[in-house]
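A.B. asks: Coordinates in coords-v2.cif, mmCIF, C-alpha atoms and all ligand atoms; chains and numbers go by the auth columns, are listed below.
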data_model
#
loop_
_atom_site.group_PDB
_atom_site.id
_atom_site.type_symbol
_atom_site.label_atom_id
_atom_site.label_comp_id
_atom_site.label_asym_id
_atom_site.label_seq_id
_atom_site.Cartn_x
_atom_site.Cartn_y
_atom_site.Cartn_z
_atom_site.B_iso_or_equiv
_atom_site.auth_seq_id
_atom_site.auth_asym_id
ATOM 1 C CA MET A 1 -4.805 14.297 -18.555 0.00 1 N
ATOM 2 C CA LYS A 2 -1.925 11.839 -18.664 0.00 2 N
ATOM 3 C CA THR A 3 -2.736 8.310 -17.503 0.00 3 N
ATOM 4 C CA LEU A 4 -0.542 7.362 -14.556 0.00 4 N
ATOM 5 C CA ARG A 5 0.197 3.804 -13.536 0.00 5 N
ATOM 6 C CA ILE A 6 -0.341 2.875 -9.894 0.00 6 N
ATOM 7 C CA LEU A 7 0.548 -0.385 -8.180 0.00 7 N
ATOM 8 C CA ALA A 8 -1.521 -1.300 -5.094 0.00 8 N
ATOM 9 C CA LEU A 9 0.409 -3.848 -3.005 0.00 9 N
ATOM 10 C CA HIS A 10 -1.071 -5.810 -0.129 0.00 10 N
ATOM 11 C CA GLY A 11 1.002 -7.833 2.312 0.00 11 N
ATOM 12 C CA PRO A 12 0.410 -10.972 4.369 0.00 12 N
ATOM 13 C CA ASN A 13 -3.023 -11.946 5.707 0.00 13 N
ATOM 14 C CA LEU A 14 -4.775 -9.141 3.851 0.00 14 N
ATOM 15 C CA ASN A 15 -6.325 -11.824 1.629 0.00 15 N
ATOM 16 C CA LEU A 16 -8.411 -12.616 4.730 0.00 16 N
ATOM 17 C CA LEU A 17 -9.991 -9.148 4.979 0.00 17 N
ATOM 18 C CA GLY A 18 -13.714 -9.398 5.524 0.00 18 N
ATOM 19 C CA THR A 19 -13.457 -12.083 8.169 0.00 19 N
ATOM 20 C CA ARG A 20 -10.098 -11.399 9.823 0.00 20 N
ATOM 21 C CA GLU A 21 -10.294 -9.577 13.186 0.00 21 N
ATOM 22 C CA PRO A 22 -13.070 -7.210 12.037 0.00 22 N
ATOM 23 C CA GLY A 23 -12.586 -5.068 15.155 0.00 23 N
ATOM 24 C CA HIS A 24 -9.187 -4.027 13.771 0.00 24 N
ATOM 25 C CA TYR A 25 -9.618 -4.442 10.032 0.00 25 N
ATOM 26 C CA GLY A 26 -13.341 -4.009 9.311 0.00 26 N
ATOM 27 C CA THR A 27 -15.537 -6.199 7.141 0.00 27 N
ATOM 28 C CA THR A 28 -14.650 -4.943 3.666 0.00 28 N
ATOM 29 C CA THR A 29 -12.968 -7.622 1.556 0.00 29 N
ATOM 30 C CA LEU A 30 -9.731 -7.129 -0.349 0.00 30 N
ATOM 31 C CA ALA A 31 -11.640 -7.639 -3.611 0.00 31 N
ATOM 32 C CA ASP A 32 -13.937 -4.750 -2.633 0.00 32 N
ATOM 33 C CA ILE A 33 -10.957 -2.528 -1.771 0.00 33 N
ATOM 34 C CA ASN A 34 -9.278 -3.325 -5.074 0.00 34 N
ATOM 35 C CA GLN A 35 -12.474 -2.641 -7.027 0.00 35 N
ATOM 36 C CA LYS A 36 -12.889 0.693 -5.267 0.00 36 N
ATOM 37 C CA LEU A 37 -9.324 1.677 -6.202 0.00 37 N
ATOM 38 C CA ILE A 38 -9.932 0.657 -9.833 0.00 38 N
ATOM 39 C CA ASP A 39 -13.177 2.676 -9.948 0.00 39 N
ATOM 40 C CA MET A 40 -11.465 5.708 -8.437 0.00 40 N
ATOM 41 C CA GLY A 41 -8.613 5.260 -10.869 0.00 41 N
ATOM 42 C CA ASP A 42 -11.058 5.419 -13.777 0.00 42 N
ATOM 43 C CA SER A 43 -12.215 8.865 -12.717 0.00 43 N
ATOM 44 C CA LEU A 44 -8.724 10.136 -11.836 0.00 44 N
ATOM 45 C CA GLY A 45 -6.933 8.886 -14.951 0.00 45 N
ATOM 46 C CA LEU A 46 -5.038 6.165 -13.100 0.00 46 N
ATOM 47 C CA GLU A 47 -4.375 2.648 -14.342 0.00 47 N
ATOM 48 C CA ILE A 48 -4.461 0.496 -11.205 0.00 48 N
ATOM 49 C CA THR A 49 -2.693 -2.839 -10.853 0.00 49 N
ATOM 50 C CA THR A 50 -3.255 -4.808 -7.653 0.00 50 N
ATOM 51 C CA PHE A 51 -1.214 -7.597 -6.060 0.00 51 N
ATOM 52 C CA GLN A 52 -1.393 -9.439 -2.731 0.00 52 N
ATOM 53 C CA SER A 53 1.077 -11.913 -1.341 0.00 53 N
ATOM 54 C CA ASN A 54 1.766 -13.642 1.939 0.00 54 N
ATOM 55 C CA HIS A 55 5.433 -13.966 0.915 0.00 55 N
ATOM 56 C CA GLU A 56 8.031 -11.261 1.424 0.00 56 N
ATOM 57 C CA GLY A 57 10.113 -12.241 -1.599 0.00 57 N
ATOM 58 C CA GLU A 58 7.108 -12.097 -3.933 0.00 58 N
ATOM 59 C CA LEU A 59 6.389 -8.566 -2.739 0.00 59 N
ATOM 60 C CA VAL A 60 10.056 -7.639 -3.311 0.00 60 N
ATOM 61 C CA ASP A 61 9.879 -9.126 -6.831 0.00 61 N
ATOM 62 C CA ARG A 62 6.748 -7.136 -7.587 0.00 62 N
ATOM 63 C CA ILE A 63 8.333 -3.879 -6.360 0.00 63 N
ATOM 64 C CA GLN A 64 11.389 -4.529 -8.555 0.00 64 N
ATOM 65 C CA GLN A 65 9.126 -5.298 -11.519 0.00 65 N
ATOM 66 C CA ALA A 66 7.401 -1.931 -11.054 0.00 66 N
ATOM 67 C CA VAL A 67 10.366 -0.212 -12.731 0.00 67 N
ATOM 68 C CA SER A 68 10.060 -2.182 -15.980 0.00 68 N
ATOM 69 C CA ASP A 69 6.258 -1.843 -15.774 0.00 69 N
ATOM 70 C CA HIS A 70 6.712 1.979 -15.727 0.00 70 N
ATOM 71 C CA ILE A 71 4.745 2.328 -12.501 0.00 71 N
ATOM 72 C CA ASP A 72 4.469 5.979 -11.433 0.00 72 N
ATOM 73 C CA GLY A 73 3.433 5.434 -7.823 0.00 73 N
ATOM 74 C CA ILE A 74 2.806 2.687 -5.269 0.00 74 N
ATOM 75 C CA VAL A 75 0.158 2.337 -2.564 0.00 75 N
ATOM 76 C CA ILE A 76 1.399 -0.328 -0.157 0.00 76 N
ATOM 77 C CA ASN A 77 -0.013 -1.936 2.939 0.00 77 N
ATOM 78 C CA PRO A 78 2.979 -4.045 3.985 0.00 78 N
ATOM 79 C CA ALA A 79 0.852 -5.503 6.834 0.00 79 N
ATOM 80 C CA ALA A 80 3.098 -7.378 9.311 0.00 80 N
ATOM 81 C CA TYR A 81 6.167 -6.737 7.121 0.00 81 N
ATOM 82 C CA THR A 82 5.771 -3.046 7.991 0.00 82 N
ATOM 83 C CA HIS A 83 7.430 -3.772 11.290 0.00 83 N
ATOM 84 C CA THR A 84 10.167 -6.142 10.168 0.00 84 N
ATOM 85 C CA SER A 85 11.126 -5.904 6.533 0.00 85 N
ATOM 86 C CA VAL A 86 14.439 -4.358 5.572 0.00 86 N
ATOM 87 C CA ALA A 87 13.967 -6.184 2.247 0.00 87 N
ATOM 88 C CA LEU A 88 10.792 -4.288 1.363 0.00 88 N
ATOM 89 C CA ARG A 89 12.390 -1.011 2.427 0.00 89 N
ATOM 90 C CA ASP A 90 15.455 -1.673 0.282 0.00 90 N
ATOM 91 C CA ALA A 91 13.332 -2.668 -2.724 0.00 91 N
ATOM 92 C CA LEU A 92 11.246 0.512 -2.484 0.00 92 N
ATOM 93 C CA LEU A 93 14.375 2.664 -2.104 0.00 93 N
ATOM 94 C CA ALA A 94 15.969 0.898 -5.076 0.00 94 N
ATOM 95 C CA THR A 95 13.071 1.802 -7.360 0.00 95 N
ATOM 96 C CA SER A 96 12.822 5.464 -6.297 0.00 96 N
ATOM 97 C CA ILE A 97 9.097 5.227 -7.080 0.00 97 N
ATOM 98 C CA PRO A 98 7.027 7.413 -4.709 0.00 98 N
ATOM 99 C CA PHE A 99 4.942 5.339 -2.342 0.00 99 N
ATOM 100 C CA ILE A 100 2.227 5.806 0.268 0.00 100 N
ATOM 101 C CA GLU A 101 2.204 3.492 3.295 0.00 101 N
ATOM 102 C CA VAL A 102 -1.317 2.426 4.233 0.00 102 N
ATOM 103 C CA HIS A 103 -2.786 0.736 7.281 0.00 103 N
ATOM 104 C CA LEU A 104 -6.401 -0.092 7.940 0.00 104 N
ATOM 105 C CA SER A 105 -5.922 0.184 11.692 0.00 105 N
ATOM 106 C CA ASN A 106 -4.248 2.979 13.628 0.00 106 N
ATOM 107 C CA ILE A 107 -1.009 1.121 14.345 0.00 107 N
ATOM 108 C CA HIS A 108 -0.043 3.750 16.929 0.00 108 N
ATOM 109 C CA ARG A 109 -2.902 2.847 19.266 0.00 109 N
ATOM 110 C CA ARG A 110 -2.086 -0.853 19.134 0.00 110 N
ATOM 111 C CA GLU A 111 0.731 -2.988 20.551 0.00 111 N
ATOM 112 C CA GLU A 112 4.112 -1.310 20.890 0.00 112 N
ATOM 113 C CA PHE A 113 5.739 -3.526 18.244 0.00 113 N
ATOM 114 C CA ARG A 114 3.317 -2.122 15.657 0.00 114 N
ATOM 115 C CA HIS A 115 4.404 1.465 16.297 0.00 115 N
ATOM 116 C CA ARG A 116 7.632 1.020 14.353 0.00 116 N
ATOM 117 C CA SER A 117 7.615 1.022 10.570 0.00 117 N
ATOM 118 C CA MET A 118 10.674 0.075 8.531 0.00 118 N
ATOM 119 C CA LEU A 119 9.340 2.068 5.580 0.00 119 N
ATOM 120 C CA VAL A 120 7.670 5.200 6.844 0.00 120 N
ATOM 121 C CA ASP A 121 10.620 7.612 6.699 0.00 121 N
ATOM 122 C CA ALA A 122 11.069 6.732 3.020 0.00 122 N
ATOM 123 C CA ALA A 123 7.357 7.143 2.202 0.00 123 N
ATOM 124 C CA THR A 124 5.831 10.161 0.516 0.00 124 N
ATOM 125 C CA GLY A 125 2.946 9.843 2.972 0.00 125 N
ATOM 126 C CA VAL A 126 1.236 7.521 5.391 0.00 126 N
ATOM 127 C CA VAL A 127 -2.458 6.891 6.089 0.00 127 N
ATOM 128 C CA ALA A 128 -3.626 4.774 9.028 0.00 128 N
ATOM 129 C CA GLY A 129 -6.744 4.149 11.034 0.00 129 N
ATOM 130 C CA PHE A 130 -9.576 4.725 8.554 0.00 130 N
ATOM 131 C CA GLY A 131 -10.286 1.112 7.634 0.00 131 N
ATOM 132 C CA ALA A 132 -10.842 0.562 3.919 0.00 132 N
ATOM 133 C CA THR A 133 -11.044 4.347 3.492 0.00 133 N
ATOM 134 C CA SER A 134 -7.303 4.507 4.263 0.00 134 N
ATOM 135 C CA TYR A 135 -6.705 3.146 0.760 0.00 135 N
ATOM 136 C CA THR A 136 -8.854 5.696 -1.034 0.00 136 N
ATOM 137 C CA LEU A 137 -7.311 8.531 0.992 0.00 137 N
ATOM 138 C CA ALA A 138 -3.879 7.215 0.030 0.00 138 N
ATOM 139 C CA LEU A 139 -4.801 7.047 -3.654 0.00 139 N
ATOM 140 C CA THR A 140 -6.158 10.615 -3.572 0.00 140 N
ATOM 141 C CA GLY A 141 -2.971 11.833 -1.924 0.00 141 N
ATOM 142 C CA LEU A 142 -0.688 9.933 -4.278 0.00 142 N
ATOM 143 C CA ASN A 143 -2.572 11.212 -7.339 0.00 143 N
ATOM 144 C CA ASP A 144 -2.290 14.822 -6.121 0.00 144 N
ATOM 145 C CA PHE A 145 1.388 14.353 -5.321 0.00 145 N
ATOM 146 C CA LEU A 146 2.223 12.831 -8.703 0.00 146 N
ATOM 147 C CA ARG A 147 0.260 15.409 -10.677 0.00 147 N
ATOM 148 C CA THR A 148 1.858 18.358 -8.887 0.00 148 N
ATOM 149 C CA ASN A 149 5.401 17.022 -8.566 0.00 149 N
ATOM 150 C CA GLN A 150 6.064 14.941 -11.644 0.00 150 N
ATOM 151 C CA GLN A 151 4.459 16.360 -14.762 0.00 151 N
HETATM 152 C C1 LIG B . -2.183 -4.916 8.881 0.00 201 N
HETATM 153 C C2 LIG B . -1.561 -5.968 9.464 0.00 201 N
HETATM 154 O O1 LIG B . -1.711 -7.203 8.980 0.00 201 N
HETATM 155 C C3 LIG B . -0.779 -5.823 10.703 0.00 201 N
HETATM 156 O O2 LIG B . 0.275 -6.751 10.773 0.00 201 N
HETATM 157 C C4 LIG B . -0.238 -4.415 10.874 0.00 201 N
HETATM 158 C C5 LIG B . -1.928 -3.524 9.296 0.00 201 N
HETATM 159 C C6 LIG B . -1.350 -3.398 10.681 0.00 201 N
HETATM 160 C C7 LIG B . -3.147 -2.644 9.029 0.00 201 N
HETATM 161 O O3 LIG B . -3.649 -1.991 9.935 0.00 201 N
HETATM 162 O O4 LIG B . -3.584 -2.579 7.875 0.00 201 N
HETATM 163 O O5 LIG B . 0.342 -4.271 12.144 0.00 201 N
#
Mind converting the file's structure to structure tokens?
C.D. replies:
Amino acid sequence: MKTLRILALHGPNLNLLGTREPGHYGTTTLADINQKLIDMGDSLGLEITTFQSNHEGELVDRIQQAVSDHIDGIVINPAAYTHTSVALRDALLATSIPFIEVHLSNIHRREEFRHRSMLVDAATGVVAGFGATSYTLALTGLNDFLRTNQQ
């Protein structure tokens, strides 16, 4: 089985997972989520790189860098930038790397401004509302997609 490279990107305030608004985001820390993705990657033949930033430009830089890093697929929780960032959308479109948009909470049962995503129509898939499990569902889906559509 070919090893595929996956970039897991986490947007602003996700460094606070574990203590931040647990009613919306649960109590699992970002370190735990990342470790779970790495462990899953080991069994699925995926090399997982993780990155979190509170800064839009750093996330854009990391998406651009994914091309030279030969990243095959991206799992991204853009967090608040989901609803605002043309820059993240443009960066993802520029790379043409398939990506899955992830949210811990179900953004569609929350405030109206969270219902809009700047990225979702460019995404291969979207997972929302399952807490930390959203990430593992996204990784499963991305792995299946890449293995059936790319090799
Ligand atoms: C995380 C955030 O930080 C919010 O800004 C989004 C998303 C929802 C999540 O559910 O993972 O609106």
A.B. asks: 8 Å from ligand LIG 201 (chain N) is the threshold here; counting only C-alpha atoms and all ligand atoms, which polymer residues fall inside it? Answer as a list of chain:residue names.
C.D. replies: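 What falls inside 8 Å of ligand LIG 201 (chain N) is N:Gly11, N:Pro12, N:Asn13, N:Leu14, N:His24, N:Tyr25, N:Asn77, N:Pro78, N:Ala79, N:Ala80, N:Tyr81, N:Thr82, N:His83, N:Val102, N:His103, N:Leu104, N:Ser105, N:Asn106, N:Ile107, N:Arg114, N:Ala128, N:Gly129, N:Gly131.
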A.B. asks: Would you work out the distance separating atom CA of Thr29 of chain N from atom CA of Ser117 of chain N, expressed in Å to one decimal?
C.D. replies: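 Interatomic distance here is 24.1 Å.
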A.B. asks: Near Leu4 of chain N, within 8 Å and counting all atoms listed in the file, which residues show up once chain neighbours fewer than 3 positions away are dropped, as a ChimeraX atom specification?
C.D. replies: /N:45-47,71-72
A.B. asks: Emit the selected residues as a PDB file, in the frame of the given file, including C-alpha atoms.
C.D. replies:
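Below is the file again22.pdb, written as the result:
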ATOM      1  CA  GLY N  45      -6.933   8.886 -14.951  1.00  0.00           C
ATOM      2  CA  LEU N  46      -5.038   6.165 -13.100  1.00  0.00           C
ATOM      3  CA  GLU N  47      -4.375   2.648 -14.342  1.00  0.00           C
ATOM      4  CA  ILE N  71       4.745   2.328 -12.501  1.00  0.00           C
ATOM      5  CA  ASP N  72       4.469   5.979 -11.433  1.00  0.00           C
TER       6      ASP N  72
END
A.B. asks: Kindly indicate which residue among N:His10, N:Arg147, N:Lys2, N:Arg89 lies nearest to Tyr135 of chain N, using only C-alpha atoms for the distances.
C.D. replies: N:His10
A.B. asks: Could you jot down the atom CA of Ala91 of chain N to atom CA of Val120 of chain N separation for me, Å, one decimal place?
C.D. replies: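 The value is 13.6 Å.
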A.B. asks: Quick one: residues within 9 Å of Thr28 of chain N, only C-alpha atoms counted, chain neighbours fewer than 2 positions away excluded, as a VMD selection string?
C.D. replies: chain N and resid 17 to 19 22 25 to 26 30 to 33 131 to 132
A.B. asks: Counting all atoms listed in the file, note down every residue that has an atom within 10 Å of the point (-4.6, -2.1, -8.6) (file coordinates), as a list in words.
C.D. replies: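 Protein and nucleic acid residues near the point are Arg5, Ile6, Leu7, Ala8, Leu9, His10, Ile33, Asn34, Gln35, Lys36, Leu37, Ile38, Asp39, Gly41, Leu46, Glu47, Ile48, Thr49, Thr50, Phe51, Gln52, Ile74 and Val75 of chain N.
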A.B. asks: Calculate how many Å separate atom CA of Thr140 of chain N from atom CA of Asp69 of chain N, rounding to one decimal.
C.D. replies: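 A separation of 21.4 Å between them.
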A.B. asks: Any idea what's packed within 6 Å of Gly73 of chain N, counting only C-alpha atoms, ignoring anything in its chain fewer than 3 positions away? Could you give it as a PyMOL selection string?
C.D. replies: chain N and resi 6+97-99
A.B. asks: With all atoms listed in the file as the counted atoms, please give the residues lying no more than 8 Å from Gln64 of chain N, apart from itself and same-chain residues fewer than 2 positions off, as a ChimeraX atom specification.
C.D. replies: /N:60-62,66-68,91-92,94-95
A.B. asks: Could you give me segment 118-129 of chain N completed to all heavy atoms, formatted as a PDB file, in the frame of the given file?
C.D. replies:
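The new file part_6.pdb reads:
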ATOM      1  N   MET N 118       9.377   0.081   9.221  1.00  0.00           N
ATOM      2  CA  MET N 118      10.674   0.075   8.531  1.00  0.00           C
ATOM      3  C   MET N 118      10.655   0.952   7.276  1.00  0.00           C
ATOM      4  O   MET N 118      11.697   1.213   6.690  1.00  0.00           O
ATOM      5  CB  MET N 118      11.043  -1.356   8.118  1.00  0.00           C
ATOM      6  CG  MET N 118      11.147  -2.344   9.261  1.00  0.00           C
ATOM      7  SD  MET N 118      12.384  -1.871  10.475  1.00  0.00           S
ATOM      8  CE  MET N 118      13.885  -2.290   9.582  1.00  0.00           C
ATOM      9  N   LEU N 119       9.471   1.381   6.869  1.00  0.00           N
ATOM     10  CA  LEU N 119       9.340   2.068   5.580  1.00  0.00           C
ATOM     11  C   LEU N 119       9.015   3.549   5.703  1.00  0.00           C
ATOM     12  O   LEU N 119       9.246   4.312   4.767  1.00  0.00           O
ATOM     13  CB  LEU N 119       8.201   1.431   4.751  1.00  0.00           C
ATOM     14  CG  LEU N 119       8.135  -0.082   4.648  1.00  0.00           C
ATOM     15  CD1 LEU N 119       6.946  -0.477   3.774  1.00  0.00           C
ATOM     16  CD2 LEU N 119       9.411  -0.652   4.065  1.00  0.00           C
ATOM     17  N   VAL N 120       8.421   3.944   6.821  1.00  0.00           N
ATOM     18  CA  VAL N 120       7.670   5.200   6.844  1.00  0.00           C
ATOM     19  C   VAL N 120       8.525   6.424   6.536  1.00  0.00           C
ATOM     20  O   VAL N 120       8.057   7.377   5.909  1.00  0.00           O
ATOM     21  CB  VAL N 120       6.898   5.345   8.175  1.00  0.00           C
ATOM     22  CG1 VAL N 120       7.816   5.656   9.337  1.00  0.00           C
ATOM     23  CG2 VAL N 120       5.797   6.372   8.040  1.00  0.00           C
ATOM     24  N   ASP N 121       9.801   6.419   6.948  1.00  0.00           N
ATOM     25  CA  ASP N 121      10.620   7.612   6.699  1.00  0.00           C
ATOM     26  C   ASP N 121      11.034   7.730   5.232  1.00  0.00           C
ATOM     27  O   ASP N 121      11.544   8.764   4.808  1.00  0.00           O
ATOM     28  CB  ASP N 121      11.863   7.614   7.597  1.00  0.00           C
ATOM     29  CG  ASP N 121      12.746   6.421   7.340  1.00  0.00           C
ATOM     30  OD1 ASP N 121      12.287   5.273   7.561  1.00  0.00           O
ATOM     31  OD2 ASP N 121      13.881   6.610   6.887  1.00  0.00           O
ATOM     32  N   ALA N 122      10.787   6.672   4.462  1.00  0.00           N
ATOM     33  CA  ALA N 122      11.069   6.732   3.020  1.00  0.00           C
ATOM     34  C   ALA N 122       9.795   6.990   2.213  1.00  0.00           C
ATOM     35  O   ALA N 122       9.855   7.181   0.996  1.00  0.00           O
ATOM     36  CB  ALA N 122      11.713   5.417   2.568  1.00  0.00           C
ATOM     37  N   ALA N 123       8.645   6.994   2.890  1.00  0.00           N
ATOM     38  CA  ALA N 123       7.357   7.143   2.202  1.00  0.00           C
ATOM     39  C   ALA N 123       7.078   8.606   1.882  1.00  0.00           C
ATOM     40  O   ALA N 123       7.508   9.509   2.599  1.00  0.00           O
ATOM     41  CB  ALA N 123       6.233   6.589   3.083  1.00  0.00           C
ATOM     42  N   THR N 124       6.326   8.815   0.805  1.00  0.00           N
ATOM     43  CA  THR N 124       5.831  10.161   0.516  1.00  0.00           C
ATOM     44  C   THR N 124       4.782  10.546   1.549  1.00  0.00           C
ATOM     45  O   THR N 124       4.692  11.701   1.957  1.00  0.00           O
ATOM     46  CB  THR N 124       5.223  10.183  -0.906  1.00  0.00           C
ATOM     47  OG1 THR N 124       6.279   9.926  -1.828  1.00  0.00           O
ATOM     48  CG2 THR N 124       4.572  11.512  -1.219  1.00  0.00           C
ATOM     49  N   GLY N 125       3.961   9.585   1.961  1.00  0.00           N
ATOM     50  CA  GLY N 125       2.946   9.843   2.972  1.00  0.00           C
ATOM     51  C   GLY N 125       2.508   8.552   3.610  1.00  0.00           C
ATOM     52  O   GLY N 125       2.865   7.461   3.144  1.00  0.00           O
ATOM     53  N   VAL N 126       1.742   8.700   4.697  1.00  0.00           N
ATOM     54  CA  VAL N 126       1.236   7.521   5.391  1.00  0.00           C
ATOM     55  C   VAL N 126      -0.201   7.792   5.820  1.00  0.00           C
ATOM     56  O   VAL N 126      -0.535   8.904   6.223  1.00  0.00           O
ATOM     57  CB  VAL N 126       2.145   7.139   6.586  1.00  0.00           C
ATOM     58  CG1 VAL N 126       2.291   8.289   7.550  1.00  0.00           C
ATOM     59  CG2 VAL N 126       1.639   5.915   7.320  1.00  0.00           C
ATOM     60  N   VAL N 127      -1.058   6.791   5.667  1.00  0.00           N
ATOM     61  CA  VAL N 127      -2.458   6.891   6.089  1.00  0.00           C
ATOM     62  C   VAL N 127      -2.757   5.667   6.944  1.00  0.00           C
ATOM     63  O   VAL N 127      -2.489   4.534   6.520  1.00  0.00           O
ATOM     64  CB  VAL N 127      -3.423   6.908   4.883  1.00  0.00           C
ATOM     65  CG1 VAL N 127      -4.866   7.103   5.377  1.00  0.00           C
ATOM     66  CG2 VAL N 127      -3.055   7.997   3.881  1.00  0.00           C
ATOM     67  N   ALA N 128      -3.319   5.886   8.130  1.00  0.00           N
ATOM     68  CA  ALA N 128      -3.626   4.774   9.028  1.00  0.00           C
ATOM     69  C   ALA N 128      -4.877   5.066   9.828  1.00  0.00           C
ATOM     70  O   ALA N 128      -5.118   6.216  10.213  1.00  0.00           O
ATOM     71  CB  ALA N 128      -2.451   4.532   9.986  1.00  0.00           C
ATOM     72  N   GLY N 129      -5.670   4.038  10.062  1.00  0.00           N
ATOM     73  CA  GLY N 129      -6.744   4.149  11.034  1.00  0.00           C
ATOM     74  C   GLY N 129      -8.130   4.355  10.473  1.00  0.00           C
ATOM     75  O   GLY N 129      -9.092   4.426  11.238  1.00  0.00           O
TER      76      GLY N 129
END
